Each structure stands twice: as C-alpha cells, then as structure tokens.
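Shown here: run_22.tsv, TSV, C-alpha atoms.
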chain	number	residue	atom	x	y	z
A	1	ASP	CA	-23.00	20.09	-47.25
A	2	CYS	CA	-24.63	17.80	-49.79
A	3	ALA	CA	-25.86	20.53	-52.14
A	4	ARG	CA	-22.45	22.24	-52.24
A	5	GLY	CA	-20.75	18.89	-52.90
A	6	LYS	CA	-23.11	18.09	-55.74
A	7	MET	CA	-22.58	21.54	-57.24
A	8	ALA	CA	-18.80	21.13	-57.00
A	9	ALA	CA	-19.06	17.84	-58.91
A	10	VAL	CA	-21.16	19.47	-61.63
A	11	VAL	CA	-18.75	22.42	-61.92
A	12	LEU	CA	-15.75	20.09	-62.03
A	13	LEU	CA	-17.22	17.89	-64.76
A	14	ALA	CA	-18.40	20.88	-66.78
A	15	ALA	CA	-14.98	22.58	-66.57
A	16	LEU	CA	-13.04	19.56	-67.77
A	17	GLY	CA	-12.33	18.94	-71.44
A	18	GLY	CA	-13.89	15.88	-73.09
A	19	THR	CA	-10.77	13.69	-72.84
A	20	THR	CA	-10.16	14.61	-69.18
A	21	ARG	CA	-13.84	14.19	-68.33
A	22	ARG	CA	-13.87	10.69	-69.88
A	23	ALA	CA	-10.72	9.77	-67.93
A	24	LEU	CA	-12.27	10.99	-64.66
A	25	LEU	CA	-15.47	9.07	-65.32
A	26	ARG	CA	-13.52	5.91	-66.15
A	27	SER	CA	-11.70	6.28	-62.82
A	28	VAL	CA	-14.90	6.53	-60.76
A	29	LEU	CA	-17.53	4.54	-62.65
A	30	PRO	CA	-17.58	0.76	-62.98
A	31	GLY	CA	-17.27	0.02	-66.67
A	32	GLY	CA	-16.58	3.71	-67.31
A	33	ALA	CA	-14.51	2.89	-70.38
A	34	ALA	CA	-17.63	1.46	-71.99
A	35	LEU	CA	-19.41	4.74	-71.35
A	36	SER	CA	-17.08	6.65	-73.62
A	37	ALA	CA	-15.91	3.94	-76.03
A	38	GLY	CA	-19.18	2.13	-76.67
A	39	LEU	CA	-21.34	5.01	-77.83
A	40	ALA	CA	-22.58	5.08	-81.41
A	41	ARG	CA	-22.05	8.86	-81.63
A	42	PRO	CA	-18.53	9.88	-80.53
A	43	ASP	CA	-19.68	13.46	-79.88
A	44	LEU	CA	-21.92	12.16	-77.08
A	45	ALA	CA	-18.86	10.71	-75.35
A	46	LEU	CA	-17.82	14.26	-74.50
A	47	ALA	CA	-20.79	14.70	-72.17
A	48	ALA	CA	-20.68	13.60	-68.56
A	49	PRO	CA	-23.53	11.37	-67.38
A	50	PRO	CA	-26.02	13.10	-65.10
A	51	ILE	CA	-25.03	13.19	-61.44
A	52	ALA	CA	-28.06	11.03	-60.61
A	53	VAL	CA	-26.71	8.24	-62.85
A	54	ILE	CA	-23.28	8.36	-61.21
A	55	GLU	CA	-24.87	8.39	-57.76
A	56	ASP	CA	-27.23	5.51	-58.55
A	57	GLN	CA	-24.54	3.30	-60.08
A	58	LEU	CA	-21.88	3.86	-57.42
A	59	GLY	CA	-23.92	4.60	-54.32
A	60	TYR	CA	-21.69	7.65	-53.79
A	61	LEU	CA	-20.59	10.80	-55.60
A	62	PRO	CA	-17.15	12.09	-56.57
A	63	VAL	CA	-16.77	15.74	-55.52
A	64	VAL	CA	-13.96	18.24	-55.10
A	65	ASP	CA	-13.36	19.54	-51.58
A	66	GLY	CA	-12.21	23.05	-50.62
A	67	SER	CA	-8.56	22.13	-51.12
A	68	GLY	CA	-9.17	20.91	-54.69
A	69	ARG	CA	-8.83	17.22	-53.76
A	70	LYS	CA	-11.20	14.61	-55.26
A	71	VAL	CA	-13.19	13.01	-52.44
A	72	TYR	CA	-16.42	11.03	-52.25
A	73	MET	CA	-19.68	11.58	-50.43
A	74	PRO	CA	-22.44	9.05	-49.71
A	75	ALA	CA	-25.40	9.06	-52.07
A	76	ARG	CA	-28.27	11.28	-51.08
A	77	VAL	CA	-31.28	9.66	-49.47
A	78	PHE	CA	-34.62	10.35	-51.14
A	79	ASP	CA	-36.76	7.86	-49.20
A	80	PRO	CA	-39.32	9.61	-47.00
A	81	SER	CA	-39.05	9.15	-43.25
A	82	THR	CA	-41.81	7.78	-41.08
A	83	ASP	CA	-42.78	9.72	-37.96
A	84	GLN	CA	-41.29	6.97	-35.80
A	85	ALA	CA	-37.95	7.18	-37.68
A	86	VAL	CA	-37.81	10.95	-37.07
A	87	SER	CA	-38.64	10.49	-33.37
A	88	LEU	CA	-35.96	7.81	-33.00
A	89	ALA	CA	-33.34	9.91	-34.82
A	90	LYS	CA	-34.06	12.88	-32.54
A	91	HIS	CA	-33.78	10.62	-29.49
A	92	LEU	CA	-30.46	9.14	-30.67
A	93	LYS	CA	-29.11	12.64	-31.33
A	94	LYS	CA	-30.13	13.75	-27.84
A	95	MET	CA	-28.28	10.71	-26.41
A	96	GLY	CA	-25.14	11.57	-28.40
A	97	ALA	CA	-25.29	8.41	-30.53
A	98	THR	CA	-22.88	8.27	-33.47
A	99	PHE	CA	-23.07	6.30	-36.71
A	100	TYR	CA	-19.63	5.49	-38.20
A	101	GLY	CA	-19.54	4.49	-41.83
A	102	ALA	CA	-17.88	4.77	-45.21
A	103	PHE	CA	-19.18	6.39	-48.37
A	104	TRP	CA	-18.76	3.15	-50.38
A	105	CYS	CA	-20.40	0.78	-47.87
A	106	PRO	CA	-23.74	-0.60	-49.14
A	107	HIS	CA	-24.83	-1.47	-45.59
A	108	CYS	CA	-24.21	2.11	-44.49
A	109	ARG	CA	-26.33	3.23	-47.44
A	110	ASN	CA	-29.09	0.85	-46.33
A	111	GLN	CA	-28.81	2.16	-42.77
A	112	ARG	CA	-29.18	5.74	-44.02
A	113	ARG	CA	-32.17	4.77	-46.18
A	114	MET	CA	-33.88	3.09	-43.20
A	115	PHE	CA	-34.04	6.48	-41.49
A	116	GLY	CA	-35.16	8.33	-44.60
A	117	LYS	CA	-34.41	11.84	-45.76
A	118	GLU	CA	-36.07	13.84	-42.97
A	119	ALA	CA	-34.82	11.72	-40.05
A	120	LEU	CA	-31.28	11.46	-41.40
A	121	GLN	CA	-30.63	15.13	-40.69
A	122	TYR	CA	-30.72	14.28	-36.96
A	123	VAL	CA	-28.32	11.32	-37.18
A	124	ARG	CA	-24.69	12.10	-36.32
A	125	TYR	CA	-22.69	10.46	-39.11
A	126	VAL	CA	-18.88	10.17	-39.12
A	127	GLU	CA	-17.09	9.35	-42.39
A	128	CYS	CA	-14.31	6.83	-41.74
A	129	ASP	CA	-12.69	6.44	-45.17
A	130	PRO	CA	-9.80	8.89	-45.74
A	131	ARG	CA	-11.11	9.41	-49.28
A	132	GLY	CA	-14.53	10.45	-47.98
A	133	LEU	CA	-15.85	13.99	-47.68
A	134	GLY	CA	-15.56	15.18	-44.09
A	135	PHE	CA	-13.06	12.52	-42.96
A	136	LYS	CA	-11.15	13.56	-39.85
A	137	PRO	CA	-8.03	11.58	-38.88
A	138	ASN	CA	-8.20	9.63	-35.60
A	139	THR	CA	-12.01	9.68	-35.38
A	140	CYS	CA	-12.43	6.07	-36.48
A	141	SER	CA	-9.32	4.36	-35.10
A	142	LYS	CA	-11.33	1.78	-33.12
A	143	VAL	CA	-13.93	1.13	-35.84
A	144	GLU	CA	-13.33	-2.26	-37.46
A	145	ALA	CA	-16.40	-2.63	-39.68
A	146	TYR	CA	-19.24	-0.53	-41.04
A	147	PRO	CA	-21.76	0.51	-40.05
A	148	THR	CA	-20.77	0.90	-36.40
A	149	TRP	CA	-22.99	2.62	-33.87
A	150	VAL	CA	-21.82	4.03	-30.55
A	151	ILE	CA	-24.83	4.56	-28.32
A	152	GLY	CA	-23.90	5.52	-24.78
A	153	SER	CA	-21.39	2.94	-23.60
A	154	LYS	CA	-22.45	0.40	-26.26
A	155	THR	CA	-20.61	-0.18	-29.54
A	156	ILE	CA	-22.59	-2.18	-32.08
A	157	THR	CA	-21.38	-3.23	-35.52
A	158	GLY	CA	-23.61	-4.10	-38.45
A	159	GLU	CA	-26.73	-2.94	-40.18
A	160	LEU	CA	-29.48	-2.57	-37.59
A	161	GLY	CA	-33.21	-2.16	-37.97
A	162	LEU	CA	-34.86	0.83	-36.35
A	163	ALA	CA	-36.44	-1.41	-33.69
A	164	ASP	CA	-32.97	-2.70	-32.75
A	165	LEU	CA	-31.58	0.84	-32.57
A	166	ALA	CA	-34.57	1.89	-30.45
A	167	ARG	CA	-33.95	-0.97	-28.01
A	168	LEU	CA	-30.20	-0.30	-27.80
A	169	GLY	CA	-30.82	3.43	-27.36
A	170	ASP	CA	-33.52	3.03	-24.69
A	171	PHE	CA	-36.04	4.80	-26.93
A	172	PRO	CA	-39.17	5.53	-24.85
A	173	GLY	CA	-41.50	5.19	-27.85
A	174	VAL	CA	-42.58	2.13	-29.80
A	175	ILE	CA	-41.12	1.26	-33.18
A	176	GLN	CA	-43.50	-0.73	-35.34
A	177	PRO	CA	-41.28	-2.58	-37.87
A	178	GLU	CA	-44.21	-3.17	-40.22
A	179	LYS	CA	-44.32	0.60	-40.86
A	180	GLU	CA	-40.73	0.59	-42.14
A	181	ARG	CA	-39.51	-0.36	-45.61
A	182	ALA	CA	-37.55	-3.59	-45.98
A	183	ILE	CA	-34.14	-2.37	-47.17
A	184	SER	CA	-31.41	-4.49	-45.64
A	185	ALA	CA	-29.20	-6.88	-47.58
A	186	ASP	CA	-28.07	-10.43	-46.78
A	187	ALA	CA	-24.77	-9.54	-45.10
A	188	VAL	CA	-24.95	-6.83	-42.49
A	189	LYS	CA	-21.53	-5.17	-42.40
A	190	CYS	CA	-18.55	-4.12	-44.51
A	191	ASP	CA	-14.92	-4.75	-43.70
A	192	SER	CA	-13.15	-1.49	-42.81
A	193	ASN	CA	-10.41	-2.24	-45.36
A	194	GLY	CA	-12.63	-0.74	-48.01
A	195	PRO	CA	-13.98	-1.79	-51.37
A	196	ALA	CA	-11.92	-3.84	-53.79
A	197	ARG	CA	-9.61	-1.60	-55.73

File written out as structure tokens:
Amino acid sequence: DCARGKMAAVVLLAALGGTTRRALLRSVLPGGAALSAGLARPDLALAAPPIAVIEDQLGYLPVVDGSGRKVYMPARVFDPSTDQAVSLAKHLKKMGATFYGAFWCPHCRNQRRMFGKEALQYVRYVECDPRGLGFKPNTCSKVEAYPTWVIGSKTITGELGLADLARLGDFPGVIQPEKERAISADAVKCDSNGPAR
C-alpha cells in the first residue's frame, strides 16, 4: 500500500540519527553526499529532504517493508486520468492483463503516468526487481525488459500508448490519442538487468 510505504519511509528517516540519516540518503539519492556536505548551515544537514523531493529526483521511494528490509516502491502518480484511460484500465483488468515493471524503470514510470492516478488502480502491476516492494520470486522469470505487458496470449515489451494497448487488448471503445498527455521518452524499454550501480 502506497500510503503505508510512504509513512514507513517517514518514520524510518525520523527515527534515524543525523549521521545515519545522511548515510542512508547518500546511499539512495544521486549526489546525496552533496546534500549533507554542501550546505552552508551544518545543522540543516541533520534533516532529511521531504519525501516528495526524494521521489521526484529518483522516480521511486526507499521504504522499509514488514520484515525491516529496505526496499523501493515506484513513485506515486499524480496525473489525472481521462475517462478513456479509466475505461481501458477496467477493460484490461477484466481481461486479466498484467503490466510487469521495475521501480527504477523510467519507461515504467511513463507507462503508469499515461494511465493517470484514477485509472492506475485498475492496472495489475507486478514488481520484477528483487529490491522492489511487493516482489515475488518466480513471477518475472520470462520478462526480459520493462515494461512488459501480457494481454491474453500476447506478450509485448516496451512503453505503449493507450491506443496501442487498446488495440492489443481488443478494447471495444475508441481511444483518442489527442486527449492523452504526451509523456513517453525516446527509448521505449529498460533492460531487465537494472539500473547502473
């Protein structure tokens, strides 16, 4: 649950001492060392950046799961859904379609944003990175890149527009692409080996 995950991250950061908090932030934020070392007032370095800043910079959030392990969850989606996106998401859910992705994948984030906040609740998402919140072993063994959609007997890899998903999912309605926001990036998929470490 997104709200519980966010709250766990806030509780974790608040409970940590300044030195530990800075170390954690350096481990999860690009340029995190600059966050704590480059401030004019050293006392400000003891504070964690707001969750929204972490989420915006990374595209995902560090959280602590029920076993106390640090895991990551995809960034929340705030974009509003169009009526056609909600209708398509409900149709794909009814068909049993599944979206396989990884918390760190920018194309998965784009795919989620294409649906928007309201429609996304109907999309079956499976986290494929072992470091991701909700990862279940053996659920992604045949997934080679992200995002991957399984719609009926079809497996499609790459970032897809809603009109493409509608066509592949035999959506009975009409998707008007001009009503959707342009979100996608130049490349359309991420290698399943994960981000550079």

With a cut-off of 10 Å, could you pull out the residues of stretch 90-192 of chain A touching stretch 70-80 of chain A and give me the nearest pair of atoms for each, distance in Å to one decimal, using all atoms listed in the file, ordered by chain and ascending number, as a Markdown table?
| residue | atom | partner | partner_atom | distance |
| --- | --- | --- | --- | --- |
| A:Gly101 | CA | A:Pro74 | CA | 9.6 |
| A:Ala102 | CA | A:Pro74 | CA | 7.7 |
| A:Phe103 | CA | A:Pro74 | CA | 4.4 |
| A:Trp104 | CA | A:Pro74 | CA | 7.0 |
| A:Cys105 | CA | A:Pro74 | CA | 8.7 |
| A:Pro106 | CA | A:Pro74 | CA | 9.8 |
| A:Cys108 | CA | A:Pro74 | CA | 8.9 |
| A:Arg109 | CA | A:Pro74 | CA | 7.4 |
| A:Asn110 | CA | A:Val77 | CA | 9.6 |
| A:Arg112 | CA | A:Val77 | CA | 7.0 |
| A:Arg113 | CA | A:Val77 | CA | 6.0 |
| A:Met114 | CA | A:Asp79 | CA | 8.2 |
| A:Phe115 | CA | A:Pro80 | CA | 8.2 |
| A:Gly116 | CA | A:Asp79 | CA | 4.9 |
| A:Lys117 | CA | A:Val77 | CA | 5.3 |
| A:Glu118 | CA | A:Pro80 | CA | 6.7 |
| A:Ala119 | CA | A:Pro80 | CA | 8.5 |
| A:Leu120 | CA | A:Val77 | CA | 8.3 |
| A:Glu127 | CA | A:Met73 | CA | 8.7 |
| A:Asp129 | CA | A:Tyr72 | CA | 9.2 |
| A:Pro130 | CA | A:Val71 | CA | 8.6 |
| A:Arg131 | CA | A:Val71 | CA | 5.2 |
| A:Gly132 | CA | A:Tyr72 | CA | 4.7 |
| A:Leu133 | CA | A:Met73 | CA | 5.3 |
| A:Gly134 | CA | A:Met73 | CA | 8.4 |
| A:Phe135 | CA | A:Val71 | CA | 9.5 |
| A:Arg181 | CA | A:Asp79 | CA | 9.4 |

Put those residues in a file: C-alpha atoms, as a PDB file, in the coordinates of the input.
ATOM      1  CA  GLY A 101     -19.540   4.490 -41.830  1.00  0.00           C
ATOM      2  CA  ALA A 102     -17.880   4.770 -45.210  1.00  0.00           C
ATOM      3  CA  PHE A 103     -19.180   6.390 -48.370  1.00  0.00           C
ATOM      4  CA  TRP A 104     -18.760   3.150 -50.380  1.00  0.00           C
ATOM      5  CA  CYS A 105     -20.400   0.780 -47.870  1.00  0.00           C
ATOM      6  CA  PRO A 106     -23.740  -0.600 -49.140  1.00  0.00           C
ATOM      7  CA  CYS A 108     -24.210   2.110 -44.490  1.00  0.00           C
ATOM      8  CA  ARG A 109     -26.330   3.230 -47.440  1.00  0.00           C
ATOM      9  CA  ASN A 110     -29.090   0.850 -46.330  1.00  0.00           C
ATOM     10  CA  ARG A 112     -29.180   5.740 -44.020  1.00  0.00           C
ATOM     11  CA  ARG A 113     -32.170   4.770 -46.180  1.00  0.00           C
ATOM     12  CA  MET A 114     -33.880   3.090 -43.200  1.00  0.00           C
ATOM     13  CA  PHE A 115     -34.040   6.480 -41.490  1.00  0.00           C
ATOM     14  CA  GLY A 116     -35.160   8.330 -44.600  1.00  0.00           C
ATOM     15  CA  LYS A 117     -34.410  11.840 -45.760  1.00  0.00           C
ATOM     16  CA  GLU A 118     -36.070  13.840 -42.970  1.00  0.00           C
ATOM     17  CA  ALA A 119     -34.820  11.720 -40.050  1.00  0.00           C
ATOM     18  CA  LEU A 120     -31.280  11.460 -41.400  1.00  0.00           C
ATOM     19  CA  GLU A 127     -17.090   9.350 -42.390  1.00  0.00           C
ATOM     20  CA  ASP A 129     -12.690   6.440 -45.170  1.00  0.00           C
ATOM     21  CA  PRO A 130      -9.800   8.890 -45.740  1.00  0.00           C
ATOM     22  CA  ARG A 131     -11.110   9.410 -49.280  1.00  0.00           C
ATOM     23  CA  GLY A 132     -14.530  10.450 -47.980  1.00  0.00           C
ATOM     24  CA  LEU A 133     -15.850  13.990 -47.680  1.00  0.00           C
ATOM     25  CA  GLY A 134     -15.560  15.180 -44.090  1.00  0.00           C
ATOM     26  CA  PHE A 135     -13.060  12.520 -42.960  1.00  0.00           C
ATOM     27  CA  ARG A 181     -39.510  -0.360 -45.610  1.00  0.00           C
TER      28      ARG A 181
END

Contacts of A:Ala89 at 10 Å (all atoms listed in the file; same-chain gap of 5+ positions) as an mmCIF file with C-alpha atoms, keeping the file's coordinate frame:
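out_21.cif was written with the following content:
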data_model
loop_
_atom_site.group_PDB
_atom_site.id
_atom_site.type_symbol
_atom_site.label_atom_id
_atom_site.label_comp_id
_atom_site.auth_asym_id
_atom_site.auth_seq_id
_atom_site.Cartn_x
_atom_site.Cartn_y
_atom_site.Cartn_z
ATOM 1 C CA ASP A 83 -42.780 9.720 -37.960
ATOM 2 C CA GLN A 84 -41.290 6.970 -35.800
ATOM 3 C CA LYS A 94 -30.130 13.750 -27.840
ATOM 4 C CA MET A 95 -28.280 10.710 -26.410
ATOM 5 C CA ALA A 97 -25.290 8.410 -30.530
ATOM 6 C CA PHE A 115 -34.040 6.480 -41.490
ATOM 7 C CA GLU A 118 -36.070 13.840 -42.970
ATOM 8 C CA ALA A 119 -34.820 11.720 -40.050
ATOM 9 C CA LEU A 120 -31.280 11.460 -41.400
ATOM 10 C CA GLN A 121 -30.630 15.130 -40.690
ATOM 11 C CA TYR A 122 -30.720 14.280 -36.960
ATOM 12 C CA VAL A 123 -28.320 11.320 -37.180
ATOM 13 C CA ARG A 124 -24.690 12.100 -36.320
ATOM 14 C CA LEU A 162 -34.860 0.830 -36.350
ATOM 15 C CA LEU A 165 -31.580 0.840 -32.570
ATOM 16 C CA ALA A 166 -34.570 1.890 -30.450
ATOM 17 C CA PHE A 171 -36.040 4.800 -26.930
#

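Distance-wise, atom CA of A:Pro177 and atom CA of A:Pro147 end up 19.9 Å apart.
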
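One distance worth recording is that between atom CA of A:Val63 and atom CA of A:Glu144, which is 25.7 Å.
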
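Of the residues listed (A:Val126, A:Leu88, A:Leu58, A:Ala145), A:Leu88 shows the shortest atom-to-atom separation from A:Arg167; distances use all atoms listed in the file.
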
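The coordinates place atom CA of A:Thr148 at 10.3 Å from atom CA of A:Gln111.
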
Excluding same-chain residues fewer than 6 positions from A:Gly169, what lies within 12 Å of it counting only C-alpha atoms, as an mmCIF file with C-alpha atoms, keeping the file's coordinate frame?
data_model
loop_
_atom_site.group_PDB
_atom_site.id
_atom_site.type_symbol
_atom_site.label_atom_id
_atom_site.label_comp_id
_atom_site.auth_asym_id
_atom_site.auth_seq_id
_atom_site.Cartn_x
_atom_site.Cartn_y
_atom_site.Cartn_z
ATOM 1 C CA LEU A 88 -35.960 7.810 -33.000
ATOM 2 C CA ALA A 89 -33.340 9.910 -34.820
ATOM 3 C CA LYS A 90 -34.060 12.880 -32.540
ATOM 4 C CA HIS A 91 -33.780 10.620 -29.490
ATOM 5 C CA LEU A 92 -30.460 9.140 -30.670
ATOM 6 C CA LYS A 93 -29.110 12.640 -31.330
ATOM 7 C CA LYS A 94 -30.130 13.750 -27.840
ATOM 8 C CA MET A 95 -28.280 10.710 -26.410
ATOM 9 C CA GLY A 96 -25.140 11.570 -28.400
ATOM 10 C CA ALA A 97 -25.290 8.410 -30.530
ATOM 11 C CA THR A 98 -22.880 8.270 -33.470
ATOM 12 C CA TRP A 149 -22.990 2.620 -33.870
ATOM 13 C CA VAL A 150 -21.820 4.030 -30.550
ATOM 14 C CA ILE A 151 -24.830 4.560 -28.320
ATOM 15 C CA GLY A 152 -23.900 5.520 -24.780
ATOM 16 C CA SER A 153 -21.390 2.940 -23.600
ATOM 17 C CA LYS A 154 -22.450 0.400 -26.260
ATOM 18 C CA THR A 155 -20.610 -0.180 -29.540
ATOM 19 C CA ILE A 156 -22.590 -2.180 -32.080
ATOM 20 C CA LEU A 160 -29.480 -2.570 -37.590
ATOM 21 C CA LEU A 162 -34.860 0.830 -36.350
ATOM 22 C CA ALA A 163 -36.440 -1.410 -33.690
#
